[in-house]
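Chemist: Okay, here's the structure, questions in a sec.
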Amino acid sequence: DVKVTQSSRYLVKRTGEKVFLECVQDMDHENMFWYRQDPGLGLRLIYFSYDVKMKEKGDIPEGYSVSREKKERFSLILESASTNQTSMYLCASSLQLANYGYTFGSGTRLTVV
Amino acid sequence: GQSLEQPSEVTAVEGAIVQINCTYQTSGFYGLSWYQQHDGGAPTFLSYNALDGLEETGRFSSFLSRSDSYGYLLLQELQMKDSASYFCAVRASRGSQGNLIFGKGTKLSVKP
């Protein structure tokens, strides 16, 4: 069964901490994405990557960075966590085909206190 | 700006048919997708339409009209397990690096 695995289901971090969210996929997908999901706002794209070491800003990249050193792994970094980054974070991957859907991970619910 | 509009909530009874509409306004258009998300779960891919018309997959069908910038997801013979949020998403740019823009989701409640 194909999978996107996010390292943590729940995280609680303090304001100002550097936070790493890890995502691994086993489907040899080229594209990987990080979204955050908030009630009433839907899914908003933070960053995406279409190849190793490549990254593109999404709609809300401020306060975040990413790293993709290997094809299967895409990390989201909160440089200095703030309370407004409390959210559900979803990682997804896909093939580079327009009609191929995204496969999402189960999400990481991050609380910044 | 780019936007997708869909109703925030829909309620229907078991066994009925429900239609969830999606209108979009994007700089480009290269396909409309639908995703289902149960509470606490991950979104899962349901369907993709690149051309006008109806695509059927079991109890679910998806329709697209590019001239009207409009699509819908049709769920037939509703079951309790269909209670979930449904998101439409548009691929707005050509090429392998194109990402999806998601609507805010429609919460479907199926009543007995």
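Residues are named by chain letter and number: chains run A, B, ... in the order of the structure tokens, numbers start at 1 in each chain, and ligands are numbered from 1 in the order shown.
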Select all residues from chain A having any atom no more than 12 Å from an atom of chain B (counting only C-alpha atoms, ignoring ligands), output as a ChimeraX atom specification.
Modeler: /A:3-6,9-10,29-51,54-59,88-109
Chemist: If we count only C-alpha atoms and set the cut-off at 8 Å, which residues sit around region 75-86 of chain A, ignoring sequence neighbours fewer than 2 positions away in its own chain? Please answer as a PyMOL selection string.
Modeler: chain A and resi 13-23+34+63-68+73+88+109-113
Chemist: Save the residues we just selected, C-alpha atoms, as an mmCIF file, in the first residue's frame?
Modeler:
data_model
loop_
_atom_site.group_PDB
_atom_site.id
_atom_site.type_symbol
_atom_site.label_atom_id
_atom_site.label_comp_id
_atom_site.auth_asym_id
_atom_site.auth_seq_id
_atom_site.Cartn_x
_atom_site.Cartn_y
_atom_site.Cartn_z
ATOM 1 C CA LYS A 13 6.200 23.401 20.931
ATOM 2 C CA ARG A 14 7.072 26.646 22.646
ATOM 3 C CA THR A 15 7.091 30.063 21.012
ATOM 4 C CA GLY A 16 10.474 30.766 19.455
ATOM 5 C CA GLU A 17 11.498 27.136 19.061
ATOM 6 C CA LYS A 18 12.762 25.821 15.749
ATOM 7 C CA VAL A 19 10.417 23.060 14.635
ATOM 8 C CA PHE A 20 11.017 20.325 12.091
ATOM 9 C CA LEU A 21 8.139 18.433 10.457
ATOM 10 C CA GLU A 22 9.224 15.406 8.477
ATOM 11 C CA CYS A 23 7.451 13.714 5.584
ATOM 12 C CA TRP A 34 3.276 21.081 2.423
ATOM 13 C CA GLY A 63 7.889 31.954 8.624
ATOM 14 C CA TYR A 64 8.589 28.604 6.969
ATOM 15 C CA SER A 65 11.385 26.973 5.031
ATOM 16 C CA VAL A 66 11.772 23.533 3.471
ATOM 17 C CA SER A 67 14.427 21.008 2.632
ATOM 18 C CA ARG A 68 14.463 18.212 0.085
ATOM 19 C CA ARG A 73 11.810 13.114 2.044
ATOM 20 C CA MET A 88 -2.849 21.006 11.090
ATOM 21 C CA ARG A 109 -1.406 18.767 14.545
ATOM 22 C CA LEU A 110 1.021 21.374 15.845
ATOM 23 C CA THR A 111 0.254 23.494 18.883
ATOM 24 C CA VAL A 112 2.567 26.395 19.681
ATOM 25 C CA VAL A 113 2.247 27.659 23.245
#
Chemist: Using only C-alpha atoms, which residue out of B:Val90, B:Phe60, B:Ser85, B:Gln76 lies closest to Pro7 (chain B)?
Modeler: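 Using only C-alpha atoms, Pro7 (chain B) sits closest to B:Ser85.
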Chemist: Record the distance separating CA of Lys70 (chain A) and CA of Ser8 (chain A), expressed in Å with one decimal.
Modeler: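 Computing it gives 19.5 Å between the two atoms.
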Chemist: Kindly indicate which residue among B:Val18, B:Asp52, B:Tyr24, B:Pro112 lies nearest to Leu74 (chain B), using only C-alpha atoms for the distances.
Modeler: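 Among the listed residues, B:Val18 lies closest to Leu74 (chain B).
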Chemist: Assign secondary structure with DSSP using the backbone only, and return the residues of region 23-110 of chain A in strand (DSSP E) as a PyMOL selection string.
Modeler: chain A and resi 23-25+31-38+42-49+56-57+64-70+73-78+87-94+103-104+108-110
Chemist: Leaving out Thr26 (chain B) and any residue of its chain fewer than 2 positions from it, which residues lie within 7 Å of it when counting only C-alpha atoms, given as a count of residues only?
Modeler: 6
Chemist: Which value, in Å to one decimal, gives the distance between CA of Gly71 (chain B) and CA of Ser109 (chain B)?
Modeler: 20.5 Å
Chemist: Tell me, in Å to one decimal, how far CA of Leu64 (chain B) is from CA of Tyr86 (chain B).
Modeler: 16.0 Å
Chemist: Excluding Thr23 (chain B) and its own-chain neighbours fewer than 3 positions away, which residues fall within 7 Å of it when counting only C-alpha atoms? Please give them as a compact mmCIF listing (two decimals) with all heavy atoms, in the first residue's frame.
Modeler:
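What ended up in around.txt:
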# COMPACT_ATOMS: atom_id res chain seq x y z
N LEU B 4 -11.85 29.54 -5.53
CA LEU B 4 -12.80 28.47 -5.77
C LEU B 4 -13.91 28.61 -4.75
O LEU B 4 -13.64 28.80 -3.56
CB LEU B 4 -12.16 27.09 -5.62
CG LEU B 4 -11.23 26.63 -6.74
CD1 LEU B 4 -9.85 27.22 -6.62
CD2 LEU B 4 -11.15 25.11 -6.75
N GLU B 5 -15.15 28.56 -5.21
CA GLU B 5 -16.29 28.72 -4.33
C GLU B 5 -17.09 27.43 -4.28
O GLU B 5 -17.45 26.86 -5.32
CB GLU B 5 -17.20 29.85 -4.82
CG GLU B 5 -16.55 31.23 -4.81
CD GLU B 5 -16.27 31.73 -3.40
OE1 GLU B 5 -17.02 31.36 -2.48
OE2 GLU B 5 -15.29 32.48 -3.23
N GLN B 6 -17.38 26.96 -3.08
CA GLN B 6 -18.23 25.80 -2.89
C GLN B 6 -19.02 26.04 -1.61
O GLN B 6 -18.59 26.78 -0.74
CB GLN B 6 -17.42 24.51 -2.85
CG GLN B 6 -16.25 24.49 -1.86
CD GLN B 6 -15.48 23.17 -1.92
OE1 GLN B 6 -14.27 23.15 -2.05
NE2 GLN B 6 -16.17 22.07 -1.78
N SER B 69 -16.86 27.71 -16.08
CA SER B 69 -15.93 27.65 -14.93
C SER B 69 -16.63 27.00 -13.74
O SER B 69 -16.63 27.52 -12.61
CB SER B 69 -15.44 29.06 -14.56
OG SER B 69 -14.73 29.62 -15.62
N TYR B 70 -17.18 25.84 -13.99
CA TYR B 70 -18.10 25.21 -13.01
C TYR B 70 -17.96 23.70 -13.07
O TYR B 70 -17.78 23.10 -14.14
CB TYR B 70 -19.52 25.63 -13.36
CG TYR B 70 -20.61 24.81 -12.74
CD1 TYR B 70 -20.94 24.97 -11.41
CD2 TYR B 70 -21.35 23.90 -13.52
CE1 TYR B 70 -21.97 24.22 -10.85
CE2 TYR B 70 -22.37 23.16 -12.96
CZ TYR B 70 -22.68 23.33 -11.62
OH TYR B 70 -23.69 22.60 -11.06
N GLY B 71 -18.04 23.10 -11.90
CA GLY B 71 -18.08 21.66 -11.84
C GLY B 71 -18.89 21.22 -10.64
O GLY B 71 -19.27 22.03 -9.79
Chemist: For Gln79 (chain B), work out the shell of residues within 7 Å, counting only C-alpha atoms and skipping chain neighbours fewer than 2 positions away, then give it as a PyMOL selection string.
Modeler: chain B and resi 14-15+77+81-82+110
